[in-house]
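What follows is final31.cif (mmCIF, C-alpha atoms).
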```cif
data_structure
#
loop_
_atom_site.label_atom_id
_atom_site.label_comp_id
_atom_site.auth_asym_id
_atom_site.auth_seq_id
_atom_site.Cartn_x
_atom_site.Cartn_y
_atom_site.Cartn_z
CA MET B 1 -13.74 -28.01 -1.61
CA ASN B 2 -15.83 -27.68 1.51
CA ASP B 3 -15.50 -24.95 4.12
CA LEU B 4 -13.94 -25.77 7.46
CA SER B 5 -16.28 -27.18 10.09
CA ALA B 6 -16.37 -25.87 13.65
CA GLU B 7 -14.22 -28.75 14.88
CA GLN B 8 -11.67 -28.20 12.09
CA ILE B 9 -11.47 -24.50 12.90
CA ILE B 10 -10.95 -25.21 16.61
CA LYS B 11 -8.28 -27.80 15.77
CA LYS B 12 -6.47 -25.37 13.47
CA TYR B 13 -6.70 -22.61 16.07
CA GLN B 14 -5.27 -24.86 18.80
CA SER B 15 -2.44 -25.91 16.50
CA LEU B 16 -1.53 -22.30 15.65
CA LYS B 17 -1.69 -21.36 19.33
CA ALA B 18 0.57 -24.24 20.37
CA ASN B 19 3.11 -23.42 17.67
CA ARG B 20 3.41 -19.83 18.92
CA THR B 21 4.20 -20.64 22.56
CA GLU B 22 7.84 -19.56 22.32
CA TYR B 23 6.86 -16.35 20.56
CA ASN B 24 4.40 -15.53 23.35
CA ALA B 25 7.20 -15.64 25.93
CA LEU B 26 9.21 -13.23 23.77
CA TYR B 27 6.16 -10.99 23.29
CA GLN B 28 5.81 -10.74 27.09
CA ILE B 29 9.43 -9.59 27.44
CA LEU B 30 8.99 -7.05 24.64
CA HIS B 31 5.81 -5.82 26.31
CA THR B 32 7.68 -5.29 29.59
CA TYR B 33 10.40 -3.16 28.04
CA PHE B 34 8.71 -1.42 25.10
CA TYR B 35 4.92 -1.31 25.46
CA VAL B 36 3.87 -1.16 29.10
CA GLU B 37 0.62 0.66 28.34
CA SER B 38 -0.75 -2.26 26.31
CA ASN B 39 -2.45 -5.28 27.84
CA ASN B 40 -0.08 -7.63 29.63
CA LEU B 41 0.18 -10.70 27.43
CA ILE B 42 0.69 -13.69 29.69
CA ASP B 43 -0.18 -12.55 33.20
CA ARG B 44 -2.53 -9.63 32.61
CA LYS B 45 -3.22 -9.21 36.33
CA ASN B 46 0.40 -8.71 37.41
CA PRO B 47 2.37 -6.43 35.10
CA LYS B 48 6.14 -6.48 35.69
CA ILE B 49 6.82 -2.78 35.28
CA HIS B 50 9.24 -2.86 38.24
CA THR B 51 11.87 -4.51 36.01
CA LEU B 52 12.02 -1.37 33.86
CA LEU B 53 14.65 1.07 35.13
CA ASP B 54 15.43 2.97 31.93
CA SER B 55 12.86 4.60 29.64
CA THR B 56 14.96 4.63 26.45
CA SER B 57 13.08 1.66 24.99
CA LEU B 58 9.68 3.22 25.74
CA ASP B 59 10.72 6.50 24.14
CA CYS B 60 12.08 4.76 21.05
CA ALA B 61 8.89 2.74 20.53
CA ASP B 62 6.78 5.91 20.75
CA VAL B 63 9.03 7.82 18.34
CA LEU B 64 8.94 4.94 15.83
CA SER B 65 5.15 4.83 15.98
CA ALA B 66 4.75 8.60 15.68
CA GLY B 67 7.34 8.77 12.90
CA LEU B 68 5.61 6.16 10.77
CA SER B 69 2.26 7.84 11.37
CA ASN B 70 3.54 11.24 10.31
CA TYR B 71 5.42 9.84 7.33
CA LEU B 72 2.84 7.42 5.93
CA THR B 73 -0.59 8.51 7.16
CA PRO B 74 -0.47 12.09 8.52
CA GLU B 75 -3.89 13.30 9.58
CA ASN B 76 -3.36 16.91 8.50
CA LYS B 77 -2.06 16.19 4.99
CA VAL B 78 -3.18 14.52 1.77
CA TRP B 79 -1.00 11.44 2.09
CA MET B 80 -2.39 9.23 -0.68
CA CYS B 81 -4.21 9.30 -3.99
CA LEU B 82 -5.81 6.67 -6.19
CA GLU B 83 -4.59 5.87 -9.68
CA HIS B 84 -5.86 3.41 -12.22
CA ALA B 85 -3.67 0.36 -12.57
CA ASN B 86 -3.71 0.69 -16.37
CA ARG B 87 -1.43 3.51 -17.53
CA ASP B 88 -3.48 4.24 -20.64
CA LEU B 89 -6.74 4.50 -18.69
CA ARG B 90 -5.01 6.57 -16.04
CA LEU B 91 -4.62 9.41 -18.54
CA LYS B 92 -8.32 9.50 -19.45
CA PRO B 93 -9.91 12.69 -18.01
CA ALA B 94 -13.04 10.88 -16.81
CA VAL B 95 -10.98 8.22 -15.05
CA ALA B 96 -8.67 10.79 -13.44
CA LYS B 97 -11.67 12.79 -12.23
CA TRP B 98 -13.32 9.70 -10.75
CA MET B 99 -10.10 8.77 -8.94
CA ALA B 100 -9.75 12.30 -7.55
CA ASN B 101 -13.35 12.36 -6.29
CA VAL B 102 -13.00 8.95 -4.67
CA THR B 103 -9.70 9.98 -3.08
CA ASP B 104 -11.39 13.00 -1.50
CA GLU B 105 -14.28 10.89 -0.20
CA VAL B 106 -11.95 8.23 1.22
CA LEU B 107 -9.78 10.80 3.03
CA PHE B 108 -12.89 12.52 4.41
CA THR B 109 -14.29 9.20 5.63
CA LEU B 110 -10.99 8.30 7.31
CA SER B 111 -10.92 11.68 9.06
CA GLN B 112 -14.44 11.09 10.41
CA SER B 113 -13.64 7.59 11.62
CA ASN B 114 -11.16 6.36 14.25
CA PHE B 115 -8.51 5.60 11.60
CA TYR B 116 -6.01 8.19 12.83
CA ASN B 117 -6.41 6.99 16.41
CA GLN B 118 -5.83 3.36 15.54
CA MET B 119 -2.90 3.65 13.11
CA PRO B 120 -0.28 4.79 15.69
CA ILE B 121 -1.24 1.77 17.81
CA PHE B 122 -0.91 -0.43 14.73
CA TYR B 123 2.53 0.96 13.84
CA LYS B 124 3.75 0.58 17.42
CA ALA B 125 2.58 -3.03 17.67
CA SER B 126 4.42 -3.82 14.45
CA GLY B 127 7.60 -2.09 15.62
CA VAL B 128 7.54 -3.87 18.99
CA TYR B 129 6.10 -7.32 18.30
CA GLY B 130 6.93 -7.56 14.60
CA THR B 131 3.30 -8.36 13.71
CA ALA B 132 0.24 -6.11 13.83
CA THR B 133 -3.32 -6.85 12.75
CA LEU B 134 -6.07 -4.35 11.93
CA PHE B 135 -9.77 -5.05 11.38
CA CYS B 136 -11.97 -2.78 9.22
CA GLU B 137 -15.75 -2.88 9.04
CA ALA B 138 -18.64 -0.71 7.89
CA ASP B 139 -20.07 1.68 10.46
CA GLY B 140 -23.52 3.20 10.30
CA ARG B 141 -22.46 6.53 11.75
CA ASP B 142 -18.85 7.09 10.66
CA GLY B 143 -18.84 5.07 7.46
CA VAL B 144 -16.00 2.76 8.55
CA ARG B 145 -14.51 1.61 11.82
CA PHE B 146 -11.09 0.19 12.63
CA TYR B 147 -9.96 -2.10 15.45
CA ASN B 148 -6.46 -3.17 16.41
CA LEU B 149 -6.37 -6.85 17.27
CA PRO B 150 -3.99 -7.51 20.21
CA ILE B 151 -1.15 -9.89 19.39
CA PHE B 152 -2.04 -12.25 22.23
CA LYS B 153 -5.59 -12.69 20.85
CA SER B 154 -4.89 -13.18 17.15
CA TYR B 155 -3.31 -16.03 15.17
CA ILE B 156 -2.46 -16.02 11.47
CA SER B 157 -2.13 -18.68 8.80
CA GLU B 158 -0.52 -18.14 5.41
CA ASP B 159 -1.16 -19.37 1.89
CA ALA B 160 1.50 -20.80 -0.46
CA ARG B 161 2.58 -17.25 -1.40
CA GLU B 162 3.17 -16.40 2.26
CA ARG B 163 0.24 -14.01 2.43
CA PRO B 164 -2.14 -14.09 5.42
CA ASP B 165 -5.18 -16.05 4.27
CA ALA B 166 -6.98 -16.70 7.56
CA PHE B 167 -7.22 -15.10 10.97
CA PHE B 168 -8.17 -16.86 14.21
CA LEU B 169 -9.22 -14.48 16.99
CA GLU B 170 -10.06 -15.40 20.57
CA PHE B 171 -12.42 -13.47 22.80
CA ASP B 172 -13.37 -14.05 26.44
CA TYR B 173 -16.87 -12.80 27.24
CA THR B 174 -18.98 -12.67 30.36
CA ALA B 175 -22.50 -14.11 30.27
CA ASP B 176 -23.95 -10.60 29.84
CA GLN B 177 -21.61 -9.88 26.94
CA VAL B 178 -22.53 -13.18 25.29
CA PHE B 179 -26.22 -12.39 25.57
CA SER B 180 -25.69 -8.86 24.25
CA LYS B 181 -23.68 -10.04 21.23
CA PHE B 182 -25.29 -13.35 20.32
CA GLY B 183 -28.60 -13.40 22.22
CA ILE B 184 -27.86 -16.68 23.98
CA GLU B 185 -27.79 -17.38 27.72
CA LEU B 186 -24.78 -19.04 29.32
CA SER B 187 -23.56 -19.59 32.86
CA ALA B 188 -22.88 -16.38 34.77
CA ASN B 189 -20.26 -18.06 36.99
CA GLU B 190 -17.49 -18.15 34.37
CA THR B 191 -16.10 -16.41 31.33
CA HIS B 192 -16.75 -17.99 27.96
CA ARG B 193 -14.19 -18.22 25.17
CA PHE B 194 -15.28 -17.73 21.58
CA ILE B 195 -13.14 -18.22 18.48
CA CYS B 196 -13.74 -15.92 15.53
CA TYR B 197 -12.52 -17.35 12.24
CA ILE B 198 -12.09 -15.11 9.18
CA GLY B 199 -10.99 -16.76 5.96
CA GLU B 200 -11.77 -17.43 2.33
CA ARG B 201 -15.06 -19.17 1.65
CA LYS B 202 -14.43 -22.32 -0.38
CA ASN B 203 -17.97 -23.38 -1.14
CA ARG B 204 -20.32 -20.63 -2.34
CA ASN B 205 -22.68 -19.61 -5.11
CA PRO B 206 -21.34 -16.42 -6.77
CA GLN B 207 -24.82 -15.61 -8.07
CA PHE B 208 -25.96 -14.78 -4.55
CA ILE B 209 -24.52 -12.03 -2.39
CA ASP B 210 -26.02 -13.00 0.96
CA LYS B 211 -23.69 -13.44 3.94
CA ARG B 212 -23.35 -17.20 3.35
CA ASN B 213 -22.17 -16.75 -0.23
CA MET B 214 -19.72 -13.87 0.09
CA PRO B 215 -16.05 -14.49 -0.78
CA VAL B 216 -14.85 -14.06 2.82
CA ARG B 217 -16.37 -16.07 5.64
CA MET B 218 -16.54 -15.10 9.32
CA VAL B 219 -17.86 -17.55 11.91
CA TRP B 220 -18.11 -17.39 15.71
CA ILE B 221 -17.55 -20.66 17.54
CA TYR B 222 -18.16 -21.40 21.22
CA GLU B 223 -14.98 -23.24 22.15
CA LYS B 224 -16.55 -25.27 24.96
CA THR B 225 -19.18 -26.96 22.75
CA LYS B 226 -17.41 -26.51 19.38
CA GLU B 227 -20.60 -25.08 17.89
CA ILE B 228 -20.97 -22.30 15.33
CA ILE B 229 -22.94 -19.58 17.10
CA ALA B 230 -23.05 -16.96 14.34
CA GLU B 231 -21.89 -16.59 10.74
CA ASP B 232 -21.32 -13.59 8.51
CA GLY B 233 -19.57 -12.74 5.25
CA PHE B 234 -17.61 -10.01 3.51
CA LEU B 235 -16.92 -9.09 -0.08
CA SER B 236 -13.23 -8.66 0.80
CA MET B 237 -10.93 -9.62 3.65
CA PRO B 238 -11.62 -7.23 6.57
CA CYS B 239 -8.28 -7.95 8.28
CA VAL B 240 -4.83 -6.78 7.27
CA ALA B 241 -1.53 -7.78 8.85
CA HIS B 242 1.87 -6.16 8.75
CA ARG B 243 5.10 -8.02 9.42
CA PHE B 244 7.91 -5.50 10.03
CA TYR B 245 10.64 -7.93 8.98
CA LYS B 246 9.52 -11.08 7.20
CA GLN B 247 11.27 -14.43 7.15
CA SER B 248 10.30 -17.22 4.81
CA GLN B 249 8.07 -19.97 6.20
CA ASN B 250 7.11 -17.88 9.22
CA ALA B 251 3.69 -16.28 9.47
CA TYR B 252 4.83 -13.86 12.16
CA GLY B 253 7.28 -11.03 11.71
CA GLN B 254 10.35 -9.84 13.53
CA SER B 255 10.73 -6.32 14.86
CA PRO B 256 13.31 -3.61 15.54
CA ALA B 257 12.52 -4.10 19.24
CA MET B 258 13.64 -7.73 19.00
CA LYS B 259 16.99 -6.60 17.61
CA ALA B 260 17.36 -3.96 20.32
CA LEU B 261 16.23 -6.22 23.18
CA PRO B 262 19.74 -7.44 24.25
CA TYR B 263 20.89 -3.82 24.57
CA VAL B 264 17.70 -2.86 26.40
CA ARG B 265 18.19 -5.57 29.01
CA LEU B 266 21.84 -4.60 29.36
CA VAL B 267 20.97 -0.92 29.81
CA ASN B 268 18.43 -1.74 32.52
CA THR B 269 21.02 -3.86 34.37
CA MET B 270 23.63 -1.11 33.98
CA THR B 271 21.16 1.50 35.20
CA ASP B 272 20.61 -0.53 38.35
CA THR B 273 24.38 -0.67 38.94
CA PHE B 274 24.81 3.01 38.10
CA LEU B 275 22.06 4.02 40.54
CA ARG B 276 23.66 1.91 43.27
CA SER B 277 26.99 3.63 42.65
CA ALA B 278 25.37 7.06 42.74
CA MET B 279 23.57 6.25 45.98
CA LYS B 280 26.80 5.03 47.54
CA GLN B 281 28.45 8.34 46.73
CA ALA B 282 25.47 10.42 47.81
CA ASP B 283 24.75 8.46 50.99
CA PRO B 284 27.63 6.02 51.61
CA ALA B 285 27.88 3.25 54.14
CA ILE B 286 29.78 4.17 57.30
CA CYS B 287 32.02 2.39 59.77
CA LEU B 288 31.57 2.66 63.54
CA PRO B 289 34.09 1.41 66.09
CA ASP B 290 33.28 -1.69 68.12
CA ASP B 291 35.11 -4.73 69.44
CA ALA B 292 34.94 -6.49 66.03
CA PHE B 293 33.19 -6.49 62.71
CA LEU B 294 29.81 -8.08 63.17
CA GLY B 295 28.78 -10.19 60.21
CA VAL B 296 29.72 -9.55 56.59
CA PRO B 297 30.52 -5.89 55.81
CA ASN B 298 27.67 -4.23 53.91
CA PHE B 299 28.69 -1.54 51.43
CA ASN B 300 25.20 -0.60 50.26
CA PRO B 301 23.96 2.95 50.88
CA ARG B 302 23.18 3.89 54.47
CA GLN B 303 24.47 0.67 55.93
CA ILE B 304 26.49 0.56 59.18
CA ASN B 305 29.51 -1.71 59.70
CA TYR B 306 31.12 -2.15 63.14
CA TYR B 307 34.88 -2.70 63.44
CA VAL B 308 37.54 -3.16 66.13
CA ARG B 309 38.82 0.28 67.14
CA GLY B 310 42.46 0.76 66.16
CA LYS B 311 42.78 -2.34 63.99
CA LEU B 312 41.71 -0.51 60.81
CA SER B 313 43.75 2.53 61.85
CA PRO B 314 41.16 5.00 60.62
CA LYS B 315 41.84 8.69 60.66
CA GLU B 316 38.41 9.13 62.20
CA ASP B 317 36.32 6.90 64.38
CA ILE B 318 33.35 7.18 61.98
CA PHE B 319 34.06 7.26 58.25
CA PRO B 320 32.43 6.29 54.91
CA VAL B 321 33.50 3.03 53.36
CA GLY B 322 32.93 1.24 50.08
CA ASN B 323 33.93 1.00 46.44
CA PHE B 324 32.21 4.00 44.85
CA GLY B 325 33.20 3.16 41.28
CA ASN B 326 33.76 5.58 38.42
CA SER B 327 30.52 7.38 37.61
CA ALA B 328 31.90 9.10 34.52
CA ILE B 329 32.86 5.82 32.85
CA ALA B 330 29.59 4.20 33.91
CA LEU B 331 27.58 7.08 32.44
CA GLU B 332 29.58 7.05 29.20
CA THR B 333 29.05 3.30 28.78
CA LEU B 334 25.36 3.61 29.56
CA GLN B 335 24.92 6.36 26.98
CA TYR B 336 26.75 4.28 24.37
CA TYR B 337 24.30 1.38 24.70
CA GLN B 338 21.33 3.76 24.80
CA ALA B 339 22.55 5.10 21.46
CA GLN B 340 22.66 1.55 20.08
CA ILE B 341 19.02 1.07 21.08
CA ARG B 342 18.04 4.31 19.36
CA THR B 343 19.85 3.29 16.18
CA LEU B 344 18.15 -0.10 15.99
CA MET B 345 14.75 1.48 16.69
CA PHE B 346 15.22 4.15 13.97
CA TYR B 347 15.05 6.89 16.60
CA ASP B 348 17.59 9.02 14.75
CA THR B 349 15.69 8.55 11.49
CA PHE B 350 12.64 10.35 12.83
CA GLN B 351 14.48 12.75 15.15
CA ALA B 352 16.98 13.90 12.54
CA PHE B 353 15.65 17.46 12.52
CA VAL B 354 15.25 18.03 16.24
CA GLY B 355 17.42 20.96 17.21
CA LEU B 356 18.21 21.84 13.59
CA THR B 357 18.86 25.57 13.43
CA GLN B 358 19.50 26.40 9.79
CA GLN B 359 16.59 27.33 7.54
CA MET B 360 15.54 24.62 5.09
CA THR B 361 13.11 24.62 2.20
CA VAL B 362 10.30 22.08 1.99
CA ALA B 363 12.17 20.32 -0.82
CA GLU B 364 15.30 20.04 1.33
CA VAL B 365 13.35 18.66 4.27
CA THR B 366 11.60 16.12 2.01
CA GLU B 367 14.91 15.06 0.50
CA ARG B 368 16.49 14.49 3.90
CA VAL B 369 13.47 12.59 5.19
CA ASN B 370 13.44 10.32 2.15
CA GLU B 371 17.18 9.75 2.53
CA LYS B 372 16.72 8.67 6.13
CA MET B 373 13.67 6.55 5.26
CA THR B 374 15.70 4.34 2.90
CA MET B 375 16.66 2.40 6.03
CA LEU B 376 12.97 1.58 6.48
CA ALA B 377 12.24 0.82 2.84
CA PRO B 378 11.36 -2.89 3.27
CA ALA B 379 8.99 -2.23 6.16
CA VAL B 380 7.41 0.77 4.43
CA GLY B 381 6.97 -1.26 1.23
CA ARG B 382 5.11 -3.95 3.14
CA LEU B 383 2.98 -1.31 4.84
CA MET B 384 1.95 0.07 1.47
CA ASN B 385 1.37 -3.30 -0.23
CA ASP B 386 0.09 -5.46 2.63
CA VAL B 387 -1.80 -2.87 4.68
CA LEU B 388 -2.73 0.43 3.06
CA GLN B 389 -3.54 -0.94 -0.42
CA PRO B 390 -6.02 -3.61 0.76
CA LEU B 391 -7.30 -1.33 3.53
CA ILE B 392 -8.18 1.49 1.14
CA GLN B 393 -9.71 -1.03 -1.28
CA LYS B 394 -11.88 -2.24 1.57
CA VAL B 395 -12.93 1.34 2.42
CA VAL B 396 -13.78 2.06 -1.22
CA MET B 397 -15.91 -1.08 -1.38
CA ILE B 398 -17.75 -0.10 1.80
CA LEU B 399 -18.39 3.41 0.50
CA MET B 400 -19.73 1.97 -2.76
CA GLN B 401 -22.16 -0.22 -0.86
CA GLN B 402 -23.25 2.83 1.13
CA GLY B 403 -23.87 4.79 -2.09
CA LYS B 404 -21.33 7.50 -1.26
CA LEU B 405 -19.23 7.22 -4.42
CA PRO B 406 -19.97 8.33 -7.99
CA PRO B 407 -20.65 5.57 -10.55
CA PHE B 408 -17.78 4.22 -12.62
CA PRO B 409 -17.12 6.12 -15.86
CA LYS B 410 -17.71 4.09 -19.00
CA GLU B 411 -13.93 3.79 -19.50
CA MET B 412 -13.77 1.70 -16.30
CA GLU B 413 -16.72 -0.52 -17.14
CA PHE B 414 -14.53 -3.57 -17.75
CA ASP B 415 -11.48 -2.60 -15.70
CA ASN B 416 -12.02 -0.86 -12.36
CA ARG B 417 -8.69 -1.69 -10.75
CA PHE B 418 -6.84 1.01 -8.86
CA LYS B 419 -3.75 1.36 -6.72
CA VAL B 420 -2.92 3.50 -3.72
CA VAL B 421 -0.06 5.92 -4.30
CA ARG B 422 1.67 7.75 -1.46
CA VAL B 423 1.75 11.50 -1.97
CA GLU B 424 5.09 13.15 -1.24
CA GLU B 425 5.36 16.88 -0.68
#
```

Would you encode the structure as structure tokens?
Amino acid sequence: MNDLSAEQIIKKYQSLKANRTEYNALYQILHTYFYVESNNLIDRKNPKIHTLLDSTSLDCADVLSAGLSNYLTPENKVWMCLEHANRDLRLKPAVAKWMANVTDEVLFTLSQSNFYNQMPIFYKASGVYGTATLFCEADGRDGVRFYNLPIFKSYISEDARERPDAFFLEFDYTADQVFSKFGIELSANETHRFICYIGERKNRNPQFIDKRNMPVRMVWIYEKTKEIIAEDGFLSMPCVAHRFYKQSQNAYGQSPAMKALPYVRLVNTMTDTFLRSAMKQADPAICLPDDAFLGVPNFNPRQINYYVRGKLSPKEDIFPVGNFGNSAIALETLQYYQAQIRTLMFYDTFQAFVGLTQQMTVAEVTERVNEKMTMLAPAVGRLMNDVLQPLIQKVVMILMQQGKLPPFPKEMEFDNRFKVVRVEE
């Protein structure tokens, strides 16, 4: 089987992009209500922050991201260890020692890299958009480097087992950026779109380990001319993707923010009404006597309505007018729907101990956290299996190539598999 040509890659990319049009519109709405600090997806020059009147959704997205970071990958704790996949080999002292040494080196490398800066962004993107993609590569100074790939610039295809098998990334570069990255000169009067394809290499010679014979292929294509500009290779897939909720036959995930979106829109509409009611009470419209009402009465704050003196029989010549509503009921209803948003966004799961006064042991805290986290079990399971396991494997492979890891013990000569295990206090 031959590898995809430049034209085939462009055609596949365009097909994936066209099939995700409806999702992009949804992503823009989610961005507006949950993730205003990220790049605007559709119209990046004109963000629509003015439609946001209530910050509950922003707060919930931040708490979800911080909660997952502190639960799964806390920077100040030993959150994972490596174990051999074979139970019998796992008990061998030499194997256990090798795993412990590699675990220490991996955690040290992650602490020196930008891993702990990028993971909260990754968790938040997954919680808001339902799909998050992270790129890992070797770095000459820090050992490894991580990059979050924005949802509007990345497209995913799946294999028959519904695992991401190829990533199509789009980048818009200026002429200077093109020359800096690829060493080619293009017109300075426009931006130039390049497509980066990362997928399994079909046609290779395993006896060679040069970039054109590695298991994973990465090519850069200039979309305008459909030419391959640069090509590279990896021993393992450098990209990982997390789908918060996964549906069959759909490469992209669904998110807690999608479930909470109807309530979020309702709360923002209610907030607008509530603020109008409050302004009416604080600074109501007034009536002034005149020969007749002029135009349609306006009951918005600070408005003036003229009326025929004596016909309305007012107690005073100038008086406030309008339907001020019931602020207590409005506030109670608003708080009810805000609570629904927090529930769907797992806010209470991660804020369960805020304001807790009684003393608790570490074991009690851990037990309560794990009890709350059962609600997130499917998403956490996918994070461990689809993200952290392949990501740590990639880091280990990079560190091996850099000569930073001890050699395999003889017990692992024919079986060097390992798995990532989350460490619980």

Just want the 9 Å neighbourhood of Val144 of chain B, counted on all atoms listed in the file, with same-chain residues fewer than 3 positions away dropped. Output as a compact mmCIF listing (two decimals) with C-alpha atoms, keeping the file's coordinate frame.
```txt
# COMPACT_ATOMS: atom_id res chain seq x y z
CA THR B 109 -14.29 9.20 5.63
CA LEU B 110 -10.99 8.30 7.31
CA GLN B 112 -14.44 11.09 10.41
CA SER B 113 -13.64 7.59 11.62
CA ASN B 114 -11.16 6.36 14.25
CA PHE B 115 -8.51 5.60 11.60
CA CYS B 136 -11.97 -2.78 9.22
CA GLU B 137 -15.75 -2.88 9.04
CA ALA B 138 -18.64 -0.71 7.89
CA ASP B 139 -20.07 1.68 10.46
CA GLY B 140 -23.52 3.20 10.30
CA ARG B 141 -22.46 6.53 11.75
CA VAL B 395 -12.93 1.34 2.42
CA ILE B 398 -17.75 -0.10 1.80
CA LEU B 399 -18.39 3.41 0.50
```

Residues in the PyMOL selection byres ((chain B and resi 222-224) around 9), expressed as a PyMOL selection string: chain B and resi 6+10+192-195+220-221+225-229

Could you list, as a PyMOL selection string, every residue within 8 Å of segment 169-180 of chain B, counting all atoms listed in the file and ignoring same-chain residues fewer than 4 positions away? chain B and resi 153-155+184-188+190-197

Which residue gives the smallest distance to Asp283 of chain B among B:Met1, B:Met99, B:Leu53, B:Ile304, with all atoms listed in the file counted?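 With all atoms listed in the file as the atom set, the closest residue is B:Ile304.
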
Name the residues captured by the PyMOL selection byres ((chain B and resi 280) around 8) when it is applied to the shown file; answer as a VMD selection string. chain B and resid 276 to 279 281 to 285 299 to 302 322 324

Quick check, in Å to one decimal: how far apart do atom CA of Asn298 of chain B and atom CA of Glu332 of chain B lie?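 Rounded to one decimal, the two atoms are 27.2 Å apart.
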
Residue with smallest distance to Trp79 of chain B - pool B:Leu331, B:Met214, B:Val421, B:Leu16, counting only C-alpha atoms: B:Val421

So how many Å separate atom CA of Val240 of chain B and atom CA of Arg217 of chain B, to one decimal?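 Between atom CA of Val240 of chain B and atom CA of Arg217 of chain B the gap works out to 14.9 Å.
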
When you look at segment 93-95 of chain B with a cut-off of 9 Å (counting all atoms listed in the file), what residues show up, excluding the ones that are within fewer than 5 positions of it in the same chain? I need them as a PyMOL selection string. chain B and resi 83-84+100+408-412

Which value, in Å to one decimal, gives the distance between atom CA of Met400 of chain B and atom CA of Lys92 of chain B?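 We find that atom CA of Met400 of chain B and atom CA of Lys92 of chain B lie 21.6 Å from each other.
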
At most 9 Å is the cut-off: for each residue in segment 139-188 of chain B with any atom that close to an atom of segment 122-128 of chain B, write down the nearest atom pair and the distance in Å rounded to one decimal, counting only C-alpha atoms, chain first then increasing number, as a tab-separated table.
```
residue	atom	partner	partner_atom	distance
B:Asn148	CA	B:Phe122	CA	6.4
B:Leu149	CA	B:Phe122	CA	8.8
B:Pro150	CA	B:Ala125	CA	8.3
B:Ile151	CA	B:Ala125	CA	8.0
```
